[in-house]
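I have placed the structure first, in the form of structure tokens, so that the comments after it can refer back to it.
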Number of protein chains: 2
Amino acid sequence: MAATSGRLLQLLALLQARRDWPGTELTDRLGVSGRTIRRDVARLRELGYPVDSLTGPAGGYRLRAGTAMPPLLLDEDEAIAIAVGLGTAARASVTGIEETAVRALVKLEQVLPSHLRRRVRALGAATISPPVGGPTVDPQHLTVIAAACRDSERLRFAYRSRDGTDSRREVEPHALVNLGRRWYLVAWDRRREDWRSFRVDRLARPAATGARFTARKLPARDAAAFVQESIMGAPSRFEARVTLRAAADEIARRAPAHWGTITPIDADTCEYRTGDDDLGWLALRVAMLGVDFEVLEPPELVEHLRALAERLQRATPSGTRKPPDTGAS
Amino acid sequence: MAATSGRLLQLLALLQARRDWPGTELTDRLGVSGRTIRRDVARLRELGYPVDSLTGPAGGYRLRAGTAMPPLLLDEDEAIAIAVGLGTAARASVTGIEETAVRALVKLEQVLPSHLRRRVRALGAATISPPVGGPTVDPQHLTVIAAACRDSERLRFAYRSRDGTDSRREVEPHALVNLGRRWYLVAWDRRREDWRSFRVDRLARPAATGARFTARKLPARDAAAFVQESIMGAPSRFEARVTLRAAADEIARRAPAHWGTITPIDADTCEYRTGDDDLGWLALRVAMLGVDFEVLEPPELVEHLRALAERLQRATPSGTRKPPDTGAS
DNA sequence: CCATTTAGGTCATATCCTGGCCTCAATATT
DNA sequence: AATATTGAGGCCAGGATATGACCTAAATGG
């Protein structure tokens, strides 16, 4: 019978739900004798999950962090929170964990009960997506694609290429790559009989066909390198340098560290450097700091900010004085 | 021995790592006979985790979504991604899952091996925090506090009250409440001998003392209601109405649905309504839409946008024409 | 039609699991 | 300092279980 294994999982679930568990409460919950509880705890320890125990009144058991991840036993709400959190991590963060987040999301989605999946979908639509105006990627698409990569299943989707033409593709997906705030699918295009990289925000209705395939050898060091080469033509990355009228530590306090580097100039001036491939996002990052500033470079950023300033000015017809002019620059 | 249970977990881990597993590969990996694999699969099914199987060549086993969450067996990177994802979900989302996210994060942190915790901390500092200028909350603080609430442990921290005076507090934490983009700790203040709500972004160096306490009865319907009453004095919520010079569906496509409601006016005008208690955040949301607009209300938003416009204009000294003036409004 | 793969019954054997009993050690309370 | 409480773990007996080997059946893709 699977009674013992099941009870062990149940015990693990209890130990994760709260920190301290008196032995008597465990015997009640699991319906076995205290002796068996002690043996179950010993079993968990044998499996590498350290359980501390304290003797005396107010004693009990406590699951501690060990050297390996124990199985996570989640309740429904927690599973949903994780799914939503991974969904945002997959596209909102700038930390290089996007691909892992998608992998974890695929794993979770594979076993997520359907009624929870519905709830996740409802919530997932309601997350913040910072890249301004930049095309957003549906996490749903990401998981479908990542699962197809993982399981070597053929994938079909509609694709709109850079020049705006639509086409229907059937590919052997190889890898999902996150590069410069964008997602790419590296795949063997069966119709074209060649390797291609697809921008995930440009594809629609991805679906695994169910047919399996045997992996081919990608003609590149790795998938990221392949994408890198493919999009060589349009790197379009902007590096901004801005002088801020504020003390360096003041800025450091209000901006997340990775947003850029801050160099003090004097008591109330500092230089701020940051890069992005989206001008709008870059402009916002500077504007969000909430202090006066001066753009040293790039000139495109100045243009962008000026356009934004003019738009804002048009939007706020000053009561007492007139805006300078609203026409072209 | 815990061999059987351990193998069952291992099997579950394998079935989660990939979708399809031929029986022979499982026997190799787990080092038992095929008969035992079949029995292990039967055990999993008995535990309520549905495993599909296909006969014939290209057959094998496949873990399917059932009605209950199975234990999640994560590798290290996935655990990190989840921790980071939950950290952002705890403060970045607007979906009402923040409190659950913190709960899940506490559960995860309790068992997260220390070397992974270090990696999470390194990454955690580097997540985007949207509320502009608004004080940010350290997810680390949230988990410490939530754990203390969950385990009924006394908590000590430094607190800066609204008027700027610092004090050292020792409390019996009751609940962590997320309300209007802010986190509050509802707790019994031992020194003051009364219930208080503390803004988490105002407290520093929270630490559980290790001393346990028995929960008191909160004089309110629930913790959220208590906070609600406590901050009655300063609701300071702004409801914005803005006319946009763009088609409604155009806007709908580029703004997340929950950011507000969009009502078409005519072919290329629509009205946009949204609310927030942070003017800066509100202003940005409108500015981020990237289209011309006109603010109907509130007047504070107009002021805010005007200030922003002026700052941007000061920052981008137009080459050909001079900015109107840089002095006070 | 055939090769492959899972399903699952049966059996013998070795092992394990459980509860009950015991003594000992640690710890908080009085 | 004494005492009550709680976990640790050895031992035992009886029953249950796990395993591998062997078998036949059923499903499936080529």
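Just so we're on the same page: first chain in the structure tokens is A, next is B, and so on; residues restart at 1 for each chain, and ligands are numbered from 1 in the order they show up.
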
Taking only C-alpha atoms (C1' of nucleotides) into account and nothing else, which residues of chain C lie no more than 8 Å away from chain A? Please answer as a ChimeraX atom specification.
/C:18-19,26-28

Can you pull out the residues contacting DG9 (chain C)? Cut-off 12 Å, using only C-alpha atoms (C1' of nucleotides), and skip same-chain residues under 2 positions away; I want them as a PyMOL selection string.
(chain B and resi 35) or (chain C and resi 7+11) or (chain D and resi 22-25)

What is the CA of Ala101 (chain A) to CA of Ala81 (chain B) distance in Å?
5.1 Å

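Distance criterion 9 Å to chain B, applied with only C-alpha atoms (C1' of nucleotides), yields DA18, DT19, DG20, DA26, DA27, DT28 and DG29 of chain D on chain D.
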
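Once region 211-218 of chain B and its same-chain neighbours fewer than 4 positions away are set aside, B:Ser152, B:Glu153, B:Arg154 remain within 6 Å of it when counting only C-alpha atoms (C1' of nucleotides).
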
Would you mind exporting N, CA and C atoms of the selected residues as a tab-separated table (two decimals), in the first residue's frame?
chain	number	residue	atom	x	y	z
B	152	SER	N	3.38	32.79	15.32
B	152	SER	CA	3.12	33.44	16.61
B	152	SER	C	4.39	33.71	17.40
B	153	GLU	N	5.32	34.36	16.74
B	153	GLU	CA	6.55	34.74	17.44
B	153	GLU	C	6.60	36.24	17.59
B	154	ARG	N	7.10	36.68	18.73
B	154	ARG	CA	7.25	38.11	18.93
B	154	ARG	C	8.22	38.71	17.94

Report, in Å with one decimal, the straight-line distance from CA of Arg91 (chain B) to CA of Leu179 (chain B).
10.9 Å

Need the shell around Val137 (chain B): protein/DNA/RNA residues with any atom at most 9 Å away, counting only C-alpha atoms (C1' of nucleotides). Skip same-chain ones fewer than 6 positions apart. Format as a ChimeraX atom specification?
/B:91,182-183,200-202

When DSSP works through the backbone of this structure, what residues of region 17-228 of chain B end up as strand (DSSP E), shown as number ranges by chain?
B: 51-54, 60-63, 153-160, 166-179, 182-189, 194-199, 203-212

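When only C-alpha atoms are used to measure the gap to chain B, the shortest distance among A:Leu15, A:Leu296, A:Leu112, A:Leu26 belongs to A:Leu112.
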
In terms of the shortest atom-to-atom distance over only C-alpha atoms, which of A:Phe238, A:Phe198, A:Phe226, A:Trp281 is closest to chain B?
A:Trp281
